[in-house]
$ cat entry_6.cif   # mmCIF, C-alpha atoms
data_protein
loop_
_atom_site.label_atom_id
_atom_site.label_comp_id
_atom_site.auth_asym_id
_atom_site.auth_seq_id
_atom_site.Cartn_x
_atom_site.Cartn_y
_atom_site.Cartn_z
CA MET A 186 95.89 1.83 128.57
CA ALA A 187 99.32 0.45 129.23
CA HIS A 188 98.44 0.10 132.88
CA ASP A 189 95.37 -1.97 132.01
CA ASP A 190 97.53 -4.24 129.93
CA GLY A 191 99.84 -4.84 132.85
CA ASP A 192 96.90 -5.93 134.94
CA ARG A 193 95.50 -8.09 132.20
CA HIS A 194 98.82 -9.77 131.66
CA HIS A 195 99.25 -10.60 135.30
CA HIS A 196 95.65 -11.69 135.63
CA ASP A 197 95.73 -13.95 132.58
CA HIS A 198 98.89 -15.64 133.70
CA GLY A 199 98.14 -15.32 137.41
CA SER A 200 97.38 -18.98 138.01
CA ASP A 201 100.33 -19.97 135.85
CA LEU A 202 102.80 -17.91 137.81
CA SER A 203 102.75 -20.08 140.91
CA GLU A 204 102.63 -23.21 138.77
CA MET A 205 105.58 -21.94 136.76
CA GLN A 206 107.40 -21.10 139.97
CA LEU A 207 107.01 -24.71 141.10
CA ARG A 208 107.92 -26.21 137.76
CA THR A 209 111.00 -24.02 137.41
CA ARG A 210 112.13 -24.90 140.91
CA ALA A 211 111.70 -28.61 140.15
CA LEU A 212 113.69 -28.34 136.94
CA GLU A 213 116.44 -26.34 138.59
CA THR A 214 116.63 -28.92 141.39
CA ILE A 215 117.06 -31.77 138.92
CA LEU A 216 119.70 -29.92 136.90
CA LEU A 217 121.59 -29.09 140.10
CA GLU A 218 121.41 -32.62 141.49
CA LYS A 219 122.68 -33.96 138.17
CA GLY A 220 125.56 -31.50 138.22
CA TYR A 221 124.65 -29.89 134.88
CA ILE A 222 124.58 -26.40 136.32
CA ASP A 223 126.54 -24.40 138.85
CA PRO A 224 124.06 -22.35 140.90
CA ALA A 225 126.50 -19.45 141.10
CA SER A 226 126.48 -19.22 137.29
CA ILE A 227 122.70 -18.84 137.35
CA ASP A 228 123.02 -15.92 139.76
CA VAL A 229 125.74 -14.27 137.66
CA LEU A 230 123.67 -14.62 134.48
CA ILE A 231 120.62 -13.01 136.09
CA GLU A 232 122.66 -10.21 137.61
CA THR A 233 124.39 -9.55 134.28
CA TYR A 234 121.14 -8.97 132.42
CA GLU A 235 119.41 -7.16 135.29
CA LYS A 236 122.28 -4.81 136.11
CA LYS A 237 125.03 -4.72 133.50
CA ILE A 238 123.75 -5.29 129.98
CA GLY A 239 120.94 -2.89 129.11
CA PRO A 240 119.91 0.12 127.01
CA ARG A 241 122.56 2.28 128.68
CA ASN A 242 125.09 0.45 126.52
CA GLY A 243 123.28 1.43 123.34
CA ALA A 244 122.76 4.98 124.59
CA GLN A 245 126.52 5.31 124.95
CA VAL A 246 126.96 4.20 121.32
CA VAL A 247 124.37 6.67 120.07
CA ALA A 248 125.73 9.59 122.09
CA LYS A 249 129.21 8.94 120.76
CA ALA A 250 127.85 8.85 117.20
CA TRP A 251 126.24 12.25 117.88
CA VAL A 252 129.47 13.97 118.90
CA ASP A 253 132.21 12.10 117.04
CA PRO A 254 131.97 12.17 113.21
CA THR A 255 134.78 9.63 112.77
CA PHE A 256 133.09 7.18 115.08
CA ARG A 257 129.76 7.85 113.41
CA GLN A 258 131.15 6.97 109.98
CA TRP A 259 132.79 3.81 111.35
CA LEU A 260 129.55 2.85 113.11
CA PHE A 261 127.57 2.87 109.87
CA GLU A 262 130.34 1.16 107.90
CA ASP A 263 131.14 -1.57 110.42
CA GLY A 264 128.75 -1.58 113.36
CA THR A 265 130.25 -4.67 114.97
CA ALA A 266 133.77 -3.20 115.11
CA ALA A 267 132.72 0.32 116.12
CA ILE A 268 130.42 -0.90 118.88
CA GLY A 269 133.00 -3.50 119.88
CA SER A 270 135.50 -0.68 120.46
CA LEU A 271 133.26 0.46 123.33
CA GLY A 272 133.34 -3.04 124.82
CA PHE A 273 129.92 -4.21 123.65
CA GLY A 274 129.26 -7.31 121.59
CA GLY A 275 129.06 -11.06 121.98
CA ARG A 276 125.81 -12.84 122.64
CA SER A 277 123.00 -11.36 120.51
CA GLY A 278 125.46 -8.78 119.24
CA ASN A 279 128.13 -10.70 117.33
CA HIS A 280 127.04 -9.04 114.08
CA LEU A 281 125.74 -5.52 114.63
CA VAL A 282 124.33 -3.07 112.09
CA ALA A 283 123.60 0.55 112.98
CA LEU A 284 120.75 2.26 111.13
CA GLU A 285 120.81 6.01 110.60
CA ASN A 286 117.61 7.99 111.12
CA THR A 287 117.46 11.19 109.09
CA PRO A 288 114.73 13.74 108.42
CA ALA A 289 113.86 11.66 105.33
CA VAL A 290 114.19 8.10 106.68
CA HIS A 291 112.94 6.49 109.88
CA ASN A 292 114.19 3.01 110.76
CA MET A 293 112.34 0.47 112.87
CA THR A 294 113.37 -3.05 113.88
CA VAL A 295 111.37 -6.20 114.58
CA CYS A 296 111.70 -9.96 114.64
CA THR A 297 108.54 -11.45 113.17
CA LEU A 298 109.71 -15.06 113.62
CA CYS A 299 110.82 -14.97 117.25
CA SER A 300 112.28 -12.17 119.34
CA CYS A 301 115.74 -11.41 117.98
CA TYR A 302 116.99 -8.26 119.65
CA PRO A 303 120.43 -6.70 120.12
CA TRP A 304 120.96 -7.84 123.72
CA ALA A 305 124.56 -6.63 123.69
CA VAL A 306 123.48 -3.00 123.35
CA LEU A 307 119.84 -2.95 124.56
CA GLY A 308 119.65 -5.79 127.08
CA LEU A 309 116.69 -8.17 127.05
CA PRO A 310 113.68 -7.13 124.98
CA PRO A 311 110.56 -5.61 126.53
CA LEU A 312 107.38 -7.70 126.59
CA TRP A 313 105.74 -5.72 123.80
CA TYR A 314 108.66 -6.40 121.44
CA LYS A 315 108.12 -10.15 121.91
CA SER A 316 104.34 -9.91 121.64
CA ALA A 317 102.14 -10.94 118.72
CA PRO A 318 100.71 -7.42 118.18
CA TYR A 319 104.16 -5.95 117.51
CA ARG A 320 105.60 -8.87 115.57
CA SER A 321 102.54 -9.12 113.31
CA ARG A 322 101.98 -5.45 112.51
CA ALA A 323 105.44 -3.86 112.50
CA VAL A 324 106.04 -5.09 108.95
CA ALA A 325 102.54 -4.51 107.55
CA ASP A 326 101.43 -1.35 109.31
CA PRO A 327 104.42 0.38 110.90
CA ARG A 328 102.61 3.73 111.07
CA GLY A 329 99.78 2.07 112.99
CA VAL A 330 102.28 0.52 115.39
CA LEU A 331 104.00 3.88 115.88
CA ALA A 332 100.60 5.38 116.69
CA ASP A 333 100.28 2.83 119.51
CA PHE A 334 103.43 4.46 120.92
CA GLY A 335 102.04 7.95 120.38
CA VAL A 336 104.54 8.54 117.59
CA THR A 337 103.48 10.28 114.38
CA LEU A 338 105.83 10.83 111.45
CA PRO A 339 105.31 13.12 108.47
CA LYS A 340 103.52 11.35 105.63
CA ASP A 341 106.47 11.64 103.30
CA THR A 342 109.01 10.24 105.76
CA GLU A 343 110.20 6.91 104.43
CA ILE A 344 109.78 4.13 106.96
CA ARG A 345 112.28 1.32 106.72
CA VAL A 346 111.39 -1.78 108.69
CA TRP A 347 114.16 -4.31 109.35
CA ASP A 348 112.99 -7.85 110.13
CA SER A 349 115.81 -9.59 112.05
CA THR A 350 115.59 -12.98 110.39
CA ALA A 351 119.30 -13.88 110.70
CA GLU A 352 121.98 -13.28 113.36
CA LEU A 353 122.44 -9.64 112.44
CA ARG A 354 121.19 -7.37 115.17
CA TYR A 355 120.06 -3.87 114.36
CA LEU A 356 120.51 -0.70 116.39
CA VAL A 357 118.63 2.42 115.33
CA VAL A 358 120.61 5.65 115.75
CA PRO A 359 118.00 8.37 116.27
CA MET A 360 118.54 11.99 115.29
CA ARG A 361 120.23 14.20 117.85
CA PRO A 362 117.67 16.46 119.53
CA ALA A 363 117.93 20.16 118.77
CA GLY A 364 119.14 22.40 121.56
CA THR A 365 121.93 20.10 122.69
CA ASP A 366 124.90 21.94 121.22
CA GLY A 367 128.00 21.56 123.31
CA TRP A 368 126.54 18.77 125.47
CA SER A 369 128.90 16.06 126.66
CA GLU A 370 128.47 12.43 125.60
CA GLU A 371 127.44 11.51 129.15
CA LYS A 372 124.73 14.13 129.19
CA LEU A 373 123.53 13.26 125.69
CA ALA A 374 123.35 9.55 126.55
CA LYS A 375 120.69 10.35 129.15
CA LEU A 376 118.41 11.57 126.35
CA VAL A 377 118.65 8.30 124.43
CA THR A 378 115.68 6.07 125.19
CA ARG A 379 115.46 2.34 124.55
CA ASP A 380 112.51 2.81 122.21
CA SER A 381 114.40 5.40 120.16
CA MET A 382 117.01 2.71 119.46
CA ILE A 383 114.31 0.22 118.35
CA GLY A 384 112.61 2.85 116.22
CA THR A 385 109.35 3.11 118.13
CA GLY A 386 110.20 6.35 119.88
CA PHE A 387 112.36 9.46 119.92
CA PRO A 388 115.10 10.62 122.27
CA LYS A 389 113.97 12.81 125.16
CA ASN A 390 113.95 16.57 124.73
CA PRO A 391 116.83 18.51 126.29
CA GLY A 392 114.42 19.91 128.87
CA ASP A 393 113.50 16.38 130.03
CA ALA A 394 117.09 15.38 130.78
CA SER A 395 117.45 14.16 134.33
CA MET B 222 107.61 -24.46 109.53
CA ASN B 223 104.39 -22.58 108.88
CA GLY B 224 103.64 -22.34 112.59
CA GLY B 225 102.23 -19.90 115.07
CA GLN B 226 105.60 -18.15 115.30
CA ASP B 227 105.49 -16.79 111.75
CA LEU B 228 103.49 -13.70 112.65
CA GLY B 229 104.42 -11.06 110.07
CA GLY B 230 101.31 -9.57 108.50
CA THR B 231 98.79 -11.58 110.50
CA ASP B 232 95.78 -9.79 111.97
CA GLY B 233 93.65 -9.77 115.09
CA HIS B 234 96.32 -9.51 117.77
CA GLY B 235 95.21 -6.08 118.93
CA PRO B 236 97.26 -2.97 119.67
CA VAL B 237 100.84 -2.93 120.96
CA MET B 238 100.77 -2.23 124.70
CA PRO B 239 104.01 -0.68 125.96
CA GLU B 240 104.49 -1.03 129.71
CA PRO B 241 105.95 2.06 131.39
CA ASN B 242 109.02 1.38 133.55
CA GLU B 243 108.94 -2.28 132.63
CA PRO B 244 111.17 -4.51 134.77
CA VAL B 245 113.67 -6.82 133.05
CA PHE B 246 111.76 -9.82 134.41
CA HIS B 247 108.14 -10.01 135.57
CA ALA B 248 108.52 -12.90 138.02
CA GLU B 249 111.26 -14.74 139.87
CA TRP B 250 110.67 -17.90 137.82
CA GLU B 251 111.31 -15.97 134.59
CA LYS B 252 114.80 -15.11 135.81
CA ARG B 253 115.48 -18.75 136.56
CA ALA B 254 114.01 -20.02 133.27
CA PHE B 255 116.11 -17.49 131.37
CA ALA B 256 119.38 -18.21 133.16
CA LEU B 257 118.88 -22.00 133.19
CA THR B 258 118.34 -21.92 129.43
CA LEU B 259 121.56 -19.98 128.88
CA ALA B 260 123.55 -22.14 131.29
CA MET B 261 122.28 -25.41 129.79
CA GLY B 262 123.46 -24.51 126.30
CA MET B 263 126.93 -25.77 127.18
CA PRO B 264 126.15 -29.20 128.67
CA GLY B 265 123.08 -29.58 126.44
CA GLY B 266 125.03 -29.21 123.23
CA TRP B 267 122.11 -27.91 121.18
CA ASN B 268 122.49 -24.93 118.87
CA ILE B 269 120.38 -21.79 118.60
CA ASP B 270 118.48 -23.04 115.54
CA MET B 271 117.55 -26.30 117.26
CA GLY B 272 116.35 -24.22 120.19
CA ARG B 273 114.24 -21.98 117.98
CA PHE B 274 112.62 -24.95 116.28
CA VAL B 275 111.68 -26.61 119.56
CA ARG B 276 110.13 -23.34 120.71
CA GLU B 277 108.05 -22.79 117.59
CA ASN B 278 107.12 -26.41 116.96
CA ARG B 279 103.86 -26.58 118.89
CA PRO B 280 100.18 -25.99 118.06
CA PRO B 281 99.75 -22.33 117.05
CA GLY B 282 97.03 -21.80 119.64
CA GLU B 283 99.35 -23.04 122.35
CA TYR B 284 102.26 -20.96 121.04
CA LEU B 285 100.19 -17.77 121.09
CA ALA B 286 98.73 -18.44 124.54
CA MET B 287 102.09 -19.08 126.19
CA SER B 288 104.26 -16.27 127.52
CA TYR B 289 107.78 -15.86 126.18
CA TYR B 290 109.48 -17.52 129.13
CA GLN B 291 106.87 -20.28 129.32
CA ILE B 292 107.96 -21.17 125.79
CA TRP B 293 111.63 -21.01 126.80
CA PHE B 294 110.92 -23.22 129.80
CA ALA B 295 108.98 -25.80 127.77
CA ALA B 296 111.79 -25.92 125.19
CA LEU B 297 114.45 -26.38 127.86
CA GLU B 298 112.54 -29.28 129.42
CA GLN B 299 111.95 -30.87 126.05
CA MET B 300 115.51 -30.54 124.75
CA SER B 301 116.91 -31.87 128.04
CA LYS B 302 114.59 -34.89 127.85
CA GLU B 303 115.31 -35.54 124.17
CA ARG B 304 119.02 -35.70 124.91
CA GLY B 305 118.57 -38.04 127.87
CA LEU B 306 119.72 -35.43 130.39
CA MET B 307 116.59 -36.09 132.46
CA ALA B 308 113.27 -37.89 132.19
CA ASP B 309 109.57 -37.37 132.84
CA ASP B 310 109.57 -39.34 136.10
CA GLU B 311 112.28 -37.02 137.42
CA ILE B 312 110.26 -33.95 136.45
CA ALA B 313 107.23 -35.44 138.22
CA ALA B 314 109.34 -36.18 141.29
CA GLY B 315 111.12 -32.84 141.22
CA HIS B 316 114.39 -34.67 141.83
CA SER B 317 117.07 -36.58 140.01
CA LEU B 318 116.28 -40.32 140.16
CA ARG B 319 119.31 -41.68 138.34
CA PRO B 320 122.93 -40.77 137.71
CA PRO B 321 123.59 -37.91 135.31
CA LYS B 322 124.48 -38.41 131.71
CA SER B 323 128.10 -37.44 131.23
CA VAL B 324 128.44 -34.00 129.70
CA LYS B 325 131.51 -32.35 128.23
CA ARG B 326 131.41 -29.11 130.16
CA ILE B 327 129.23 -27.06 132.40
CA LEU B 328 129.18 -23.28 132.66
CA SER B 329 131.30 -22.11 135.58
CA PRO B 330 130.60 -18.72 137.17
CA ALA B 331 134.08 -17.55 136.19
CA ASP B 332 133.29 -18.32 132.54
CA VAL B 333 129.95 -16.50 132.31
CA ALA B 334 131.31 -13.12 131.23
CA LYS B 335 133.75 -14.70 128.77
CA THR B 336 131.06 -16.95 127.30
CA LEU B 337 128.61 -14.07 126.85
CA HIS B 338 131.30 -11.89 125.35
CA ARG B 339 132.19 -14.59 122.86
CA GLY B 340 128.53 -15.12 121.98
CA GLY B 341 127.81 -17.17 118.90
CA PRO B 342 129.28 -15.68 115.73
CA THR B 343 127.68 -17.29 112.67
CA GLU B 344 129.95 -15.97 109.91
CA ARG B 345 132.08 -18.64 108.21
CA ASP B 346 134.86 -18.72 105.63
CA THR B 347 133.90 -19.87 102.17
CA ASN B 348 135.43 -20.43 98.75
CA MET B 349 132.06 -20.08 97.01
CA PRO B 350 131.48 -16.72 95.34
CA ALA B 351 128.32 -14.84 96.27
CA ALA B 352 125.70 -15.18 93.54
CA PHE B 353 124.23 -11.72 94.03
CA ARG B 354 125.44 -8.15 94.34
CA PRO B 355 123.83 -5.05 95.82
CA GLY B 356 121.12 -3.76 93.50
CA ASP B 357 120.35 -7.18 91.98
CA ALA B 358 116.68 -7.99 91.51
CA VAL B 359 115.65 -11.21 93.25
CA ARG B 360 112.51 -13.15 93.99
CA MET B 361 112.05 -15.12 97.18
CA LYS B 362 111.37 -18.80 96.63
CA ASN B 363 108.07 -20.25 97.66
CA ILE B 364 109.22 -22.92 100.08
CA ASN B 365 107.18 -24.54 102.85
CA PRO B 366 109.44 -26.85 104.81
CA PRO B 367 107.85 -28.54 107.84
CA THR B 368 111.22 -28.04 109.55
CA HIS B 369 112.88 -24.82 110.72
CA THR B 370 113.31 -21.98 108.25
CA ARG B 371 114.00 -18.26 108.59
CA LEU B 372 112.14 -17.26 105.45
CA PRO B 373 108.91 -15.65 106.69
CA ARG B 374 105.72 -16.43 104.79
CA TYR B 375 104.94 -12.80 104.09
CA VAL B 376 107.91 -12.41 101.73
CA ARG B 377 107.72 -15.79 99.95
CA GLY B 378 107.21 -15.44 96.22
CA HIS B 379 107.79 -11.68 96.37
CA ALA B 380 110.25 -9.57 94.40
CA GLY B 381 112.90 -7.53 96.14
CA VAL B 382 116.32 -5.98 95.71
CA ILE B 383 119.62 -7.02 97.26
CA GLU B 384 120.50 -4.21 99.65
CA ARG B 385 123.64 -5.64 101.13
CA VAL B 386 125.86 -8.71 100.93
CA ILE B 387 126.36 -9.63 104.57
CA GLY B 388 128.75 -12.57 104.39
CA CYS B 389 128.64 -16.33 104.51
CA HIS B 390 126.66 -17.48 107.54
CA VAL B 391 125.48 -20.71 109.18
CA PHE B 392 122.30 -21.84 107.41
CA PRO B 393 119.59 -22.33 110.05
CA ASP B 394 117.50 -24.66 107.89
CA SER B 395 120.37 -27.19 108.04
CA ASN B 396 121.71 -26.38 111.47
CA ALA B 397 118.30 -26.84 113.14
CA THR B 398 117.96 -30.43 111.98
CA GLY B 399 121.47 -31.48 113.00
CA ALA B 400 122.53 -31.67 109.33
CA GLY B 401 125.45 -29.33 109.96
CA GLU B 402 126.12 -25.63 109.54
CA ASN B 403 126.11 -25.71 105.74
CA PRO B 404 127.14 -22.01 105.55
CA GLN B 405 125.53 -19.96 102.79
CA TRP B 406 125.79 -16.40 101.54
CA LEU B 407 123.48 -14.10 103.44
CA TYR B 408 121.91 -10.93 102.06
CA THR B 409 119.67 -8.13 103.18
CA VAL B 410 116.77 -8.06 100.73
CA ARG B 411 114.55 -5.02 100.58
CA PHE B 412 110.90 -4.99 99.48
CA ASP B 413 108.54 -2.21 98.58
CA GLY B 414 105.61 -2.24 101.01
CA ARG B 415 103.11 -2.45 98.15
CA GLU B 416 104.88 -5.49 96.70
CA LEU B 417 104.20 -7.26 99.99
CA TRP B 418 100.82 -5.85 100.99
CA GLY B 419 99.22 -4.88 97.71
CA ALA B 420 98.07 -1.63 96.21
CA ASP B 421 96.58 -0.48 99.53
CA GLY B 422 99.95 -0.81 101.23
CA ASP B 423 101.65 2.32 102.54
CA PRO B 424 103.85 3.64 99.69
CA SER B 425 106.29 5.20 102.17
CA VAL B 426 107.18 1.82 103.70
CA THR B 427 109.95 -0.57 102.74
CA VAL B 428 110.64 -3.80 104.60
CA SER B 429 113.79 -5.86 104.57
CA VAL B 430 114.68 -9.35 105.69
CA ASP B 431 118.03 -11.09 105.93
CA ALA B 432 117.89 -14.07 103.58
CA TRP B 433 120.31 -16.87 102.71
CA GLU B 434 121.10 -17.65 99.09
CA PRO B 435 119.07 -20.88 99.00
CA TYR B 436 115.95 -18.72 99.60
CA LEU B 437 116.61 -16.57 96.52
CA LEU B 438 115.98 -16.71 92.80
CA SER B 439 117.50 -14.31 90.32
CA ALA B 440 114.91 -11.92 88.90
CA GLY B 441 117.29 -9.81 86.85
#

$ encode --input "entry_6.cif" --output "structure tokens"
Amino acid sequence: MAHDDGDRHHHDHGSDLSEMQLRTRALETILLEKGYIDPASIDVLIETYEKKIGPRNGAQVVAKAWVDPTFRQWLFEDGTAAIGSLGFGGRSGNHLVALENTPAVHNMTVCTLCSCYPWAVLGLPPLWYKSAPYRSRAVADPRGVLADFGVTLPKDTEIRVWDSTAELRYLVVPMRPAGTDGWSEEKLAKLVTRDSMIGTGFPKNPGDAS
Amino acid sequence: MNGGQDLGGTDGHGPVMPEPNEPVFHAEWEKRAFALTLAMGMPGGWNIDMGRFVRENRPPGEYLAMSYYQIWFAALEQMSKERGLMADDEIAAGHSLRPPKSVKRILSPADVAKTLHRGGPTERDTNMPAAFRPGDAVRMKNINPPTHTRLPRYVRGHAGVIERVIGCHVFPDSNATGAGENPQWLYTVRFDGRELWGADGDPSVTVSVDAWEPYLLSAG
């Protein structure tokens, strides 16, 4: 299903891709010739979001919250400061709020009006997060959306959906998987998936750690 | 604006389609469109709310048919033209045809990390007291400005509860039009799913939005 979507996406926008390539090149040329941009900055920006800022940052936050009760308390009281202490923050992460999943409450984040996403801890959002299906239904039918991810929650679990309409950025802290007693933060971080920090998935099972 | 971007609760968009092992970018041009947009923020001088309005302010059919980075690209072209940084004939030629407009600063490679780390905090000092406290009952105003707003249609007119007083933050409705930051108290407001979606709504669901004081009426 997901594979079909990939094909459809590329097919639908197939003719646009080369056109967009040309248009982007033209715009970049003009901006360069005018001296509005430094080409090296463009390369650094791309490299930063391809290699340095991504869900591994958030996974580190979550793993620390799993092993360190003091940090965990700080994280839920002042997400910006606690996450900032690990070196993460700034653009799309100046004001961070961590949301605690419990057996009774499952949190899920969305931006119905655009694509607000905690770049500082999760990197750039996946295509589905920016897409109309997710943005339209996450607030009205979160259980239906979770089903699209193969996620089913007990009927009596409260689902809290957070629509990011301001500059607060939300990070879901999933529950620590059972069977991970004594694991190090580094090892635990490998279980933390991007989707589990958006609220559309769970961490990996200890047996799936790689 | 009541545009194609205000998607909460709309139907017919189909299922969510996660892409396994999704790359950060799907094409080379997306990388460039993304990075050019970030880099041009400095010489361009626009703010994030102006950028959001330019992206959403297009026919809904067009908005929904465009990919995310196509929208970013179109907004970058438009904002650059509106500020006289370049013109249509230059876009057609694919080259600069006249001297640049003078700009205050451009983003140097050495400043990228610092600039990203600074980001764009929106909290501001204020002497005004906050009108609401956690637990207060509120009702969202029914407003329909043709300009930028961050009050989604699906909560307008609905009753909710103040969950959290966030702080005093830049008010996008003002900032997007160039009328200044006009900082206002910002709150997280929580709604029962059935208040928003009716008796058939899932009783186990609550939804919250972050809403500035000018969006709120007391319902206590």

$ closest_residue --input "entry_6.cif" --among "B:Met263, B:Ala352, B:Met287, B:Met300" --to "Lys325 (chain B)" --atoms "all atoms listed in the file"
B:Met263

$ interface_residues --input "entry_6.cif" --of "chain B" --to "chain A" --cutoff "6 Å" --atoms "only C-alpha atoms" --output "PDB file with C-alpha atoms, in the frame of the given file"
ATOM      1  CA  GLN B 226     105.600 -18.150 115.300  1.00  0.00           C
ATOM      2  CA  ASP B 227     105.490 -16.790 111.750  1.00  0.00           C
ATOM      3  CA  LEU B 228     103.490 -13.700 112.650  1.00  0.00           C
ATOM      4  CA  GLY B 229     104.420 -11.060 110.070  1.00  0.00           C
ATOM      5  CA  GLY B 230     101.310  -9.570 108.500  1.00  0.00           C
ATOM      6  CA  THR B 231      98.790 -11.580 110.500  1.00  0.00           C
ATOM      7  CA  HIS B 234      96.320  -9.510 117.770  1.00  0.00           C
ATOM      8  CA  GLY B 235      95.210  -6.080 118.930  1.00  0.00           C
ATOM      9  CA  PRO B 236      97.260  -2.970 119.670  1.00  0.00           C
ATOM     10  CA  VAL B 237     100.840  -2.930 120.960  1.00  0.00           C
ATOM     11  CA  MET B 238     100.770  -2.230 124.700  1.00  0.00           C
ATOM     12  CA  PRO B 239     104.010  -0.680 125.960  1.00  0.00           C
ATOM     13  CA  GLU B 240     104.490  -1.030 129.710  1.00  0.00           C
ATOM     14  CA  TRP B 250     110.670 -17.900 137.820  1.00  0.00           C
ATOM     15  CA  ALA B 256     119.380 -18.210 133.160  1.00  0.00           C
ATOM     16  CA  GLY B 315     111.120 -32.840 141.220  1.00  0.00           C
ATOM     17  CA  HIS B 316     114.390 -34.670 141.830  1.00  0.00           C
ATOM     18  CA  SER B 317     117.070 -36.580 140.010  1.00  0.00           C
ATOM     19  CA  PRO B 321     123.590 -37.910 135.310  1.00  0.00           C
ATOM     20  CA  ILE B 327     129.230 -27.060 132.400  1.00  0.00           C
ATOM     21  CA  SER B 329     131.300 -22.110 135.580  1.00  0.00           C
ATOM     22  CA  PRO B 330     130.600 -18.720 137.170  1.00  0.00           C
ATOM     23  CA  LEU B 337     128.610 -14.070 126.850  1.00  0.00           C
ATOM     24  CA  HIS B 338     131.300 -11.890 125.350  1.00  0.00           C
ATOM     25  CA  ARG B 339     132.190 -14.590 122.860  1.00  0.00           C
ATOM     26  CA  GLY B 340     128.530 -15.120 121.980  1.00  0.00           C
ATOM     27  CA  PRO B 342     129.280 -15.680 115.730  1.00  0.00           C
ATOM     28  CA  ARG B 371     114.000 -18.260 108.590  1.00  0.00           C
ATOM     29  CA  SER B 425     106.290   5.200 102.170  1.00  0.00           C
ATOM     30  CA  VAL B 426     107.180   1.820 103.700  1.00  0.00           C
ATOM     31  CA  THR B 427     109.950  -0.570 102.740  1.00  0.00           C
ATOM     32  CA  VAL B 428     110.640  -3.800 104.600  1.00  0.00           C
ATOM     33  CA  SER B 429     113.790  -5.860 104.570  1.00  0.00           C
ATOM     34  CA  VAL B 430     114.680  -9.350 105.690  1.00  0.00           C
ATOM     35  CA  ASP B 431     118.030 -11.090 105.930  1.00  0.00           C
TER      36      ASP B 431
END

$ resolve_selection --input "entry_6.cif" --expression "the PyMOL selection byres ((chain B and resi 275) around 9)" --output "PyMOL selection string"
chain B and resi 270-274+276-279+295-297+299-300

$ axis_aligned_box --input "entry_6.cif" --around "region 249-252 of chain B" --padding-each-side "8 Å" --output "AutoDock Vina command-line options"
--center_x 112.7 --center_y -16.3 --center_z 137.2 --size_x 20.1 --size_y 19.2 --size_z 21.3

$ atom_distance --input "entry_6.cif" --atom1 "CA of Trp368 (chain A)" --atom2 "CA of Trp251 (chain A)"
10.0 Å

$ resolve_selection --input "entry_6.cif" --expression "the PyMOL selection byres ((chain A and resi 379) around 12)" --output "PyMOL selection string"
(chain A and resi 239-245+247+302-304+306-311+314+356-359+374-378+380-389) or (chain B and resi 239+241-243)

$ atom_distance --input "entry_6.cif" --atom1 "CA of Gly233 (chain B)" --atom2 "CA of Thr368 (chain B)"
25.9 Å

$ closest_residue --input "entry_6.cif" --among "A:Met360, A:Ala266, A:Leu271, A:Cys301" --to "Pro288 (chain A)" --atoms "only C-alpha atoms"
A:Met360

$ atom_distance --input "entry_6.cif" --atom1 "CA of Phe255 (chain B)" --atom2 "CA of Ile292 (chain B)"
10.5 Å

$ residues_near_point --input "entry_6.cif" --point "(114.1, -7.9, 96.1)" --cutoff "6 Å" --atoms "only C-alpha atoms" --output "list in words"
Ala358, Val359, Arg360, Ala380, Gly381, Val382, Ile383, Val410, Arg411 and Phe412 of chain B

$ write_last_selection --input "entry_6.cif" --atoms "C-alpha atoms" --output "CSV table (one decimal), in the coordinates of the input"
chain,number,residue,atom,x,y,z
B,358,ALA,CA,116.7,-8.0,91.5
B,359,VAL,CA,115.6,-11.2,93.2
B,360,ARG,CA,112.5,-13.2,94.0
B,380,ALA,CA,110.2,-9.6,94.4
B,381,GLY,CA,112.9,-7.5,96.1
B,382,VAL,CA,116.3,-6.0,95.7
B,383,ILE,CA,119.6,-7.0,97.3
B,410,VAL,CA,116.8,-8.1,100.7
B,411,ARG,CA,114.6,-5.0,100.6
B,412,PHE,CA,110.9,-5.0,99.5

$ residues_around --input "entry_6.cif" --residues "Gly401 (chain B)" --least-positions-apart "2" --cutoff "12 Å" --atoms "only C-alpha atoms" --output "PyMOL selection string"
chain B and resi 267-268+270-271+391-399+403-405
